[in-house]
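Novice: Questions regarding the structure given below will be posed in turn.
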Amino acid sequence: MSLEDRRSEIVDFVRTEGKASVEQLADALGASRETIRRDLAELDRRGLIRKVHGGAVVVEPGSAVGGENPFSARMVENLKAKRAIAQRATALFGPGDSLFIDTGSTTLVFAEELASLSGLTVITNSAAIAALAAKGPENRVFLLGGEYRRGGQESVGEMAIAQIGQFRATHAVLTVAAVSNNGFMDHDMQEAQIARAMIRQAGHVTVLADASKMGKSGIFELGPLDMASRLVTDEVAHDLAEKLRAAGVEIILAN
């Protein structure tokens, strides 16, 4: 079992049971207690579970543990699909590429995979993504400043947008809340502003979105379908896929 598969199993176990001890998880997953403790510390940092003495408990709705609840909740949803999307997307980039990466649960998982790559330049408004991308050998990382929001560990606002304007990147890798015939959309105004600024300064846009985002509607528009060069997803309905292809968007299936 891979590291991330084991951590996904831990999250599923804790969410199902409400709580779990280190001993229970070690026995269930065939891992050492020390390994489980390290996993719990990392999952707590991501906001997926709450680490307590001797084990872990589920993050209750409305809790601010690990950040504000909306982002923590998104990190738990469709985690296996997001991991598959992140792994497939990572194969699209290589040494010499420069990437804007915005804040989101899928892009955070994507950043974890970037540690396997070398020689990238990453520009992001997410402190967590910056730390993960910096693990890759010879990766150069720029962390945008601005108003800091604890929930997503992100910088937003006019200061961050102005700094984006000082860069030109080959790619923008973005997560979205909704993909429909009308285009790509988000639910958060400030995150949408950051994404639009990155789109303006990038040569190509790659959108990472799992099947739950397809055919949905958001509040704030990021752009029409032809905004994106590529969409990496685990599933997309035939009608929407036809619209995307007609707009010149390459669809890359993670499965």
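Residues in the structure tokens are named by chain (A, B, ... in the order shown) and by number from 1 within that chain; ligands are numbered from 1 in the order shown.
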Mind checking DSSP for region 123-173 of chain A and telling me the strand (DSSP E) residues as a PyMOL selection string?
Specialist: chain A and resi 123-124+140-143+147-149+154-156+169-173
Novice: Quick check, in Å to one decimal: how far apart do CA of His204 (chain A) and CA of Leu244 (chain A) lie?
Specialist: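 So the answer is 15.4 Å.
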Novice: Set the distance at 9 Å and use only C-alpha atoms: which residues neighbour Leu29 (chain A) once local chain neighbours fewer than 4 positions away are removed? I'd like the list as a list in words.
Specialist: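 Residues near the query, excluding close chain neighbours: Met1, Arg6, Glu9, Ile10, Gln24 and Leu25 of chain A.
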Novice: Quick one: write out the picked residues with C-alpha atoms as a compact mmCIF listing (two decimals), in the first residue's frame?
Specialist:
```
# COMPACT_ATOMS: atom_id res chain seq x y z
CA MET A 1 0.00 0.00 0.00
CA ARG A 6 -2.69 4.37 3.51
CA GLU A 9 -7.67 4.61 4.34
CA ILE A 10 -6.98 6.36 7.66
CA GLN A 24 -6.52 0.23 15.80
CA LEU A 25 -5.13 1.91 12.71
```
Novice: Write out as a PyMOL selection string which residues come within 7 Å of Met214 (chain A) when counting only C-alpha atoms, dropping same-chain ones fewer than 4 positions away.
Specialist: chain A and resi 178-180+236
Novice: Which residue gives the smallest distance to Leu92 (chain A) among A:Glu34, A:Asp39, A:Glu113, A:Asp186, with only C-alpha atoms counted?
Specialist: A:Glu113
Novice: Here is a test: counting only C-alpha atoms, which residue of A:Glu112, A:Glu23, A:Glu17, A:Asp102 is nearest to Leu3 (chain A)?
Specialist: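 With only C-alpha atoms as the atom set, the closest residue is A:Glu112.
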Novice: If you take only C-alpha atoms and a cut-off of 8 Å, which residues of region 151-194 of chain A touch region 123-145 of chain A, and what are their nearest atom pairs and distances in Å to one decimal, in chain and number order, as CSV?
Specialist:
```
residue,atom,partner,partner_atom,distance
A:Gly152,CA,A:Ser126,CA,7.3
A:Gln153,CA,A:Ala127,CA,5.6
A:Glu154,CA,A:Ser126,CA,4.3
A:Ser155,CA,A:Asn125,CA,5.1
A:Val156,CA,A:Asn125,CA,7.2
A:Met159,CA,A:Gly145,CA,6.7
A:Ala160,CA,A:Gly145,CA,5.4
A:Gln163,CA,A:Leu144,CA,6.6
A:Ile164,CA,A:Leu144,CA,7.5
```
Novice: Can you pull out the residues contacting Gly248 (chain A)? Cut-off 10 Å, using only C-alpha atoms, and skip same-chain residues under 2 positions away; I want them as a PyMOL selection string.
Specialist: chain A and resi 225-230+242-246+250-251
Novice: Could the residues in this selection be saved with C-alpha atoms as an mmCIF file, in the first residue's frame?
Specialist:
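Printed below is out_38.cif as written:
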```cif
data_model
loop_
_atom_site.group_PDB
_atom_site.id
_atom_site.type_symbol
_atom_site.label_atom_id
_atom_site.label_comp_id
_atom_site.auth_asym_id
_atom_site.auth_seq_id
_atom_site.Cartn_x
_atom_site.Cartn_y
_atom_site.Cartn_z
ATOM 1 C CA LEU A 225 -14.586 27.039 -22.027
ATOM 2 C CA ASP A 226 -11.885 28.133 -24.475
ATOM 3 C CA MET A 227 -10.079 29.738 -21.538
ATOM 4 C CA ALA A 228 -8.468 26.354 -20.867
ATOM 5 C CA SER A 229 -5.998 24.423 -22.980
ATOM 6 C CA ARG A 230 -6.496 21.207 -21.017
ATOM 7 C CA GLU A 242 -18.291 17.612 -26.879
ATOM 8 C CA LYS A 243 -18.671 21.258 -25.878
ATOM 9 C CA LEU A 244 -15.187 21.296 -24.397
ATOM 10 C CA ARG A 245 -13.607 19.727 -27.459
ATOM 11 C CA ALA A 246 -15.461 22.143 -29.746
ATOM 12 C CA GLU A 250 -8.001 18.767 -24.615
ATOM 13 C CA ILE A 251 -9.647 16.363 -22.167
#
```
Novice: Identify, on the basis of only C-alpha atoms, every residue whose closest approach to Ile36 (chain A) does not exceed 8 Å; exclude the query and any residue fewer than 3 positions from it along the same chain; express the result as a list in words.
Specialist: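 The contact residues come out as Val22, Leu25, Ala26, Ala31, Ser32, Arg33, Asp39 and Leu40 of chain A.
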Novice: Write the residues of the preceding selection, restricted to N, CA and C atoms, as a short mmCIF file (atom, residue, chain, number, x, y, z; two decimals), in the first residue's frame.
Specialist:
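Saved file again33.cif follows:
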```cif
data_model
loop_
_atom_site.label_atom_id
_atom_site.label_comp_id
_atom_site.auth_asym_id
_atom_site.auth_seq_id
_atom_site.Cartn_x
_atom_site.Cartn_y
_atom_site.Cartn_z
N VAL A 22 -4.36 4.85 17.63
CA VAL A 22 -3.16 4.50 16.86
C VAL A 22 -3.07 2.99 16.72
N LEU A 25 -5.56 1.61 14.07
CA LEU A 25 -5.13 1.91 12.71
C LEU A 25 -3.91 1.10 12.31
N ALA A 26 -2.98 0.93 13.23
CA ALA A 26 -1.79 0.14 12.93
C ALA A 26 -2.16 -1.31 12.62
N ALA A 31 0.66 -1.38 9.60
CA ALA A 31 1.76 -0.42 9.67
C ALA A 31 2.22 -0.28 11.13
N SER A 32 3.41 0.25 11.31
CA SER A 32 3.91 0.45 12.67
C SER A 32 3.18 1.61 13.32
N ARG A 33 3.20 1.64 14.64
CA ARG A 33 2.55 2.72 15.36
C ARG A 33 3.21 4.07 15.08
N ASP A 39 1.55 9.73 10.05
CA ASP A 39 0.42 9.94 9.14
C ASP A 39 -0.63 10.84 9.78
N LEU A 40 -0.93 10.61 11.04
CA LEU A 40 -1.95 11.40 11.72
C LEU A 40 -1.52 12.86 11.84
#
```
Novice: Any chance you could list, as a PyMOL selection string, the residues in region 10-192 of chain A that come up helix (DSSP H, G or I) when DSSP is run on the backbone?
Specialist: chain A and resi 10-17+22-29+33-46+69-76+79-90+105-116+127-133+158-164+189-192
Novice: Which one is closest to Met185 (chain A): A:Leu208, A:Ala162, A:Val57, A:Ile219? Count only C-alpha atoms.
Specialist: A:Ile219
Novice: In terms of the shortest atom-to-atom distance over only C-alpha atoms, which of A:Thr16, A:Thr170, A:Ser98, A:Ser212 is closest to Ser118 (chain A)?
Specialist: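 The closest residue to Ser118 (chain A) is A:Ser98.
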Novice: When distances are computed from only C-alpha atoms, which of A:Ala86, A:Val58, A:Ser2, A:Gly47 shows the smallest separation from Ala20 (chain A)?
Specialist: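 Once distances to Ala20 (chain A) are computed over only C-alpha atoms, the minimum belongs to A:Val58.
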Novice: In Å, rounded to a single decimal, give me how far CA of Ala195 (chain A) is from CA of Val122 (chain A).
Specialist: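 Distance reported for this atom pair: 14.6 Å.
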